[in-house]
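Asker: Have a look at the structure that comes next, please.
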Amino acid sequence: MATKVVIGAQWGDEGKGKIIDILAQQAEVVVRSQGGNNAGHTVEANGQQYKLHLTPSGILNPNTLCIIGNGVVVDPGILLGELDMLQARGVSTDNLKIDARAHIIFPYHRELDGLSEIARGKSDIGTTKKGIGPAYMDKAERSGIRMCDLMNRELFIEKVKANVELKNKIIEKVYGGTGLNADDIIEEYLGYAKKLRKYVTDTTVLLYEAIKAGKNVLFEGAQGTLLDLDLGTYPYVTSSHPISGGVCVGTGIGPTMIDECIGVVKAYTTRVGKGPFPTELFDEIGDQIREKGHEYGTTTGRPRRCGWFDAVIVKYAVRTSGLTSIVVNKIDTLGDIKKIKICVGYRKGNEIIKEFPPSLEELELCEPIYEEMDGWEGDIGHIRRYEDLPENAKKYIERIEKLCDVRVGMIGVGPGRDQNIIKD
Ligand code: GDP
Ligand code: IMO
Ligand code: MG
């Protein structure tokens, strides 16, 4: 298996958690490289459902080392809550390690996330309000506080005081909000420090040694390609790098240490939050997909916007992440739709657009060009072999391969660990 990167190839929520859990059964190490608890990864294993936001989905496998890499922004209260939940359900968290360089989310980040969204008014981004953007802003501004700082009491107190003083000015004077109390934050976070100390280390060394020893390592993507700060639908993006390139900076490995890049997609498209979505459906088929596919956010509970499969964006993900194969999840959700559409390009006036445009203004002028395919009837959740899928479902998968210029390696026919078809 060697080293595999698994990323979202649409706007997130493609079912990455499920795929990581399946692949983690052969992995010795699972690593998160970026994002924070804006992610929500649902895993259904042993008849139970787990919703994980920060802990790598490999945690359900007792022998897998789970790493939260340097590129992740960690909200310690949320992480400890998640670890408590796992322990209460009999899952050992002893195999977790957190990189000492990972930046920490503070209450002022969450406050500023909410206030800046209000200030944007109608042009708000629709963030998860978990403080992700403001935490990455501090990182880039070089005032962020890291896990290694939290482990150093005096330094930590000094850094929090300086940050709170400045943030309170912004909260109060710029946004007219109510400032926060530095001492309360210090007390709360020093409490977290005691509980987190045993997990914090230099994970880049662990990872290097694991790869050198030929261990199977999985990199668990969060968010999706179109939410990437550089390559996504800016500014309607997250503040980190969900594409495969983000894995190197976010975990401290070099590109030559990656063997495979797997993109996860849904058999249709969803998006939660605001921003362009060319194939969005506003009719009863969209509602049908939302209800049948339970398309409600794992993190915020918001209804997900639903639409047809867009081959332009998946091809874009194949290109920008060097994907070696893709997993197509949730094909079961499309059952009983008579005619299924795939977007094969965009029409802008008289022009045919085949590559995803960088400018949102240009994208707004684009109309999807659809190809229509016959659907299939009945439930396919029990099928485990590719040849047993309905003919039209196979045609749909093969069309996706052709249009996106990539091999489909796995197909998801349900949320369960076993509801999975290996192709080829
Ligand atoms: P992630 O953020 O990419 O890990 O995806 P989420 O967990 O946010 O959303 C994916 C949802 O789809 C979860 O509720 C999964 O349990 C579910 N799911 C994953 N694969 C399949 C599938 O093949 N079929 C169906 N019906 N549900 C799936
Ligand atoms: P997983 O890992 C879907 C979206 C938010 C919003 C935008 C910016 O579960 O696929 P942020 O809070 O990150 O500043 O919000 O990004 N977003 C996601 N959408 N799945 C996710 O993660 C997401 N993480 C962030 O809805 O539009
Ligand atoms: Mg999710």
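Residue numbers start at 1 in each chain; chains themselves are named A, B, ... in the order of the structure tokens; ligands are numbered from 1 in the order shown.
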Once you count only C-alpha atoms and all ligand atoms, which residues end up within 8 Å of ligand 3, and could you hand them over as a PyMOL selection string?
Answerer: chain A and resi 12-17+39-42+222-223+297-299
Asker: Leaving out A:Val5 and any residue of its chain fewer than 4 positions from it, which residues lie within 12 Å of it when counting only C-alpha atoms, given as number ranges by chain?
Answerer: A: 1, 9, 16, 19-20, 23-24, 27, 29-33, 216-222, 242-248, 251, 253, 255, 257-264, 321-326
Asker: For ligand 2, list the contacting residues at 6 Å or closer, counting only C-alpha atoms and all ligand atoms, as a ChimeraX atom specification.
Answerer: /A:11-13,38-41,125-130,132-133,222-224,227,237-238,272-274
Asker: If you measure from atom CA of A:Asp99 to atom CA of A:Leu54, what distance in Å do you get, rounded to one decimal?
Answerer: 13.0 Å
Asker: Identify all residues of stretch 211-344 of chain A in strand (DSSP E or B) (DSSP on the backbone) and supply them as a PDB file with C-alpha atoms, in the first residue's frame.
Answerer:
```
ATOM      1  CA  VAL A 217       0.732   5.601   5.552  1.00  0.00           C
ATOM      2  CA  LEU A 218      -2.554   7.301   4.705  1.00  0.00           C
ATOM      3  CA  PHE A 219      -3.019  11.041   4.529  1.00  0.00           C
ATOM      4  CA  GLU A 220      -6.612  11.949   5.373  1.00  0.00           C
ATOM      5  CA  GLU A 260      -0.655   7.525  -4.757  1.00  0.00           C
ATOM      6  CA  CYS A 261      -3.201  10.349  -4.718  1.00  0.00           C
ATOM      7  CA  ILE A 262      -6.817   9.263  -4.474  1.00  0.00           C
ATOM      8  CA  GLY A 263      -9.657  11.725  -5.005  1.00  0.00           C
ATOM      9  CA  VAL A 264     -13.030  11.091  -3.383  1.00  0.00           C
ATOM     10  CA  VAL A 265     -16.179  12.308  -5.163  1.00  0.00           C
ATOM     11  CA  LYS A 266     -19.885  11.815  -4.802  1.00  0.00           C
ATOM     12  CA  THR A 269     -22.261  17.287  -6.296  1.00  0.00           C
ATOM     13  CA  THR A 270     -22.989  19.020  -2.986  1.00  0.00           C
ATOM     14  CA  ARG A 271     -21.847  22.218  -1.385  1.00  0.00           C
ATOM     15  CA  GLU A 280     -26.946  23.225  -8.476  1.00  0.00           C
ATOM     16  CA  TYR A 296     -27.177  17.776   5.947  1.00  0.00           C
ATOM     17  CA  PRO A 303     -28.862  21.510   4.463  1.00  0.00           C
ATOM     18  CA  ARG A 305     -26.967  22.350  -1.704  1.00  0.00           C
ATOM     19  CA  CYS A 306     -27.276  19.470  -4.202  1.00  0.00           C
ATOM     20  CA  GLY A 307     -26.677  19.238  -7.950  1.00  0.00           C
ATOM     21  CA  PHE A 309     -22.094  15.576 -11.208  1.00  0.00           C
ATOM     22  CA  ASP A 310     -19.798  18.202 -12.700  1.00  0.00           C
ATOM     23  CA  SER A 325      -7.619   7.256  -9.190  1.00  0.00           C
ATOM     24  CA  ILE A 326     -10.958   8.366  -7.773  1.00  0.00           C
ATOM     25  CA  VAL A 327     -13.562   6.828  -5.494  1.00  0.00           C
ATOM     26  CA  VAL A 328     -17.179   7.468  -6.494  1.00  0.00           C
ATOM     27  CA  ASN A 329     -19.371   7.413  -3.371  1.00  0.00           C
ATOM     28  CA  LYS A 339     -32.685  10.536 -16.370  1.00  0.00           C
ATOM     29  CA  ILE A 340     -29.345  11.429 -14.798  1.00  0.00           C
ATOM     30  CA  LYS A 341     -27.384  14.435 -16.040  1.00  0.00           C
ATOM     31  CA  ILE A 342     -23.617  14.943 -16.143  1.00  0.00           C
ATOM     32  CA  CYS A 343     -22.080  18.340 -16.782  1.00  0.00           C
ATOM     33  CA  VAL A 344     -19.461  17.927 -19.528  1.00  0.00           C
TER      34      VAL A 344
END
```
Asker: Rank A:Ala317, A:Leu360, A:Val43, A:Leu229 by their smallest atom-to-atom distance to ligand 1, using only C-alpha atoms and all ligand atoms, and report the top residue only.
Answerer: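 Smallest separation from ligand 1 among the options: A:Val43.
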Asker: A:Thr93, A:Thr233, A:Asn420, A:Ser116: which is nearest ligand 1, counting only C-alpha atoms and all ligand atoms?
Answerer: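 Going through A:Thr93, A:Thr233, A:Asn420, A:Ser116 one by one, the smallest distance to ligand 1 is for A:Asn420.
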Asker: Name the closest residue to A:Met85 among the candidates A:Thr178, A:Thr204, A:Gln49, A:Gln419; distances are taken between atoms, counting only C-alpha atoms.
Answerer: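 Among the listed residues, the smallest separation from A:Met85 belongs to A:Gln49.
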Asker: Within 10 Å of A:Leu86, counting only C-alpha atoms, which residues show up once you throw out same-chain ones fewer than 5 positions away? Write them as a PyMOL selection string, please.
Answerer: chain A and resi 50-52+55+59-60+80-81+91-93
Asker: Pull all heavy atoms from the residues just selected and write them as a short mmCIF file (atom, residue, chain, number, x, y, z; two decimals), in the first residue's frame.
Answerer:
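What landed in selection-v3.cif:
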```cif
data_model
loop_
_atom_site.label_atom_id
_atom_site.label_comp_id
_atom_site.auth_asym_id
_atom_site.auth_seq_id
_atom_site.Cartn_x
_atom_site.Cartn_y
_atom_site.Cartn_z
N TYR A 50 -19.88 7.28 13.92
CA TYR A 50 -18.97 8.21 14.59
C TYR A 50 -18.84 9.46 13.73
O TYR A 50 -18.62 9.36 12.53
CB TYR A 50 -17.57 7.59 14.74
CG TYR A 50 -17.55 6.32 15.55
CD1 TYR A 50 -17.80 5.08 14.95
CD2 TYR A 50 -17.28 6.35 16.92
CE1 TYR A 50 -17.79 3.91 15.70
CE2 TYR A 50 -17.26 5.19 17.67
CZ TYR A 50 -17.52 3.97 17.06
OH TYR A 50 -17.51 2.81 17.79
N LYS A 51 -18.97 10.63 14.37
CA LYS A 51 -18.76 11.88 13.65
C LYS A 51 -17.48 12.50 14.18
O LYS A 51 -17.43 12.91 15.34
CB LYS A 51 -19.94 12.82 13.88
CG LYS A 51 -21.21 12.35 13.18
CD LYS A 51 -22.36 13.32 13.45
CE LYS A 51 -23.67 12.78 12.95
NZ LYS A 51 -23.88 12.84 11.53
N LEU A 52 -16.46 12.53 13.34
CA LEU A 52 -15.15 13.00 13.77
C LEU A 52 -14.83 14.34 13.11
O LEU A 52 -15.06 14.51 11.92
CB LEU A 52 -14.08 11.97 13.42
CG LEU A 52 -14.31 10.58 14.04
CD1 LEU A 52 -13.36 9.55 13.44
CD2 LEU A 52 -14.15 10.64 15.56
N THR A 55 -10.06 14.29 15.06
CA THR A 55 -9.32 13.04 15.19
C THR A 55 -9.30 12.34 13.84
O THR A 55 -10.34 12.20 13.21
CB THR A 55 -10.03 12.12 16.21
OG1 THR A 55 -10.47 12.92 17.30
CG2 THR A 55 -9.11 11.03 16.71
N ILE A 59 -8.59 6.30 13.77
CA ILE A 59 -8.61 6.03 15.22
C ILE A 59 -9.43 4.78 15.57
O ILE A 59 -9.21 4.16 16.60
CB ILE A 59 -9.14 7.28 15.99
CG1 ILE A 59 -8.70 7.25 17.47
CG2 ILE A 59 -10.63 7.45 15.86
CD1 ILE A 59 -7.31 7.67 17.73
N LEU A 60 -10.38 4.43 14.67
CA LEU A 60 -11.23 3.27 14.98
C LEU A 60 -10.48 1.95 14.81
O LEU A 60 -10.98 0.90 15.20
CB LEU A 60 -12.49 3.30 14.11
CG LEU A 60 -13.34 4.56 14.26
CD1 LEU A 60 -14.55 4.52 13.37
CD2 LEU A 60 -13.77 4.75 15.71
N LEU A 80 -10.48 17.48 22.88
CA LEU A 80 -10.61 16.68 24.10
C LEU A 80 -12.02 16.11 24.23
O LEU A 80 -12.20 14.98 24.68
CB LEU A 80 -10.23 17.53 25.32
CG LEU A 80 -8.71 17.76 25.44
CD1 LEU A 80 -8.39 18.88 26.42
CD2 LEU A 80 -7.99 16.47 25.85
N GLY A 81 -13.03 16.88 23.79
CA GLY A 81 -14.41 16.38 23.81
C GLY A 81 -14.55 15.16 22.91
O GLY A 81 -15.22 14.18 23.25
N VAL A 91 -13.31 3.19 22.33
CA VAL A 91 -12.24 3.32 21.33
C VAL A 91 -10.99 3.88 22.02
O VAL A 91 -11.06 4.92 22.69
CB VAL A 91 -12.67 4.28 20.18
CG1 VAL A 91 -11.54 4.46 19.17
CG2 VAL A 91 -13.94 3.79 19.51
N SER A 92 -9.88 3.20 21.87
CA SER A 92 -8.65 3.68 22.50
C SER A 92 -8.10 4.88 21.71
O SER A 92 -8.07 4.87 20.49
CB SER A 92 -7.60 2.56 22.51
OG SER A 92 -6.34 3.12 22.80
N THR A 93 -7.65 5.90 22.45
CA THR A 93 -7.06 7.06 21.78
C THR A 93 -5.56 7.16 22.11
O THR A 93 -4.94 8.18 21.88
CB THR A 93 -7.78 8.36 22.21
OG1 THR A 93 -7.67 8.49 23.63
CG2 THR A 93 -9.24 8.36 21.82
#
```
Asker: Name the closest residue to A:Asp113 among the candidates A:Ile171, A:Leu190, A:Ala100, A:Ile289; distances are taken between atoms, counting only C-alpha atoms.
Answerer: A:Ile171
Asker: Going by DSSP on the backbone, which residues of stretch 131-366 of chain A come out as alpha helix (DSSP H)? List them as a PyMOL selection string.
Answerer: chain A and resi 132-141+147-150+153-169+182-196+203-212+245-251+284-292+311-321+360-364
Asker: Quick one: everything within 10 Å of A:Arg197, counting only C-alpha atoms, minus sequence neighbours fewer than 6 positions away in the same chain. Send it as a PyMOL selection string.
Answerer: chain A and resi 97-98+100+147-148+150-151
Asker: At what distance in Å, to one decimal, does atom CA of A:Tyr189 lie from atom CA of A:Ala88?
Answerer: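 The value is 22.6 Å.
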Asker: For atom CA of A:Leu226 and atom CA of A:Glu291, determine how far apart the two atoms are, in Å to one decimal place.
Answerer: 23.7 Å
Asker: From the list A:Pro368, A:Pro358, A:Gly378, A:Pro76, which residue is nearest A:Lys338 when using only C-alpha atoms?
Answerer: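 Closest to A:Lys338 of all the choices is A:Gly378.
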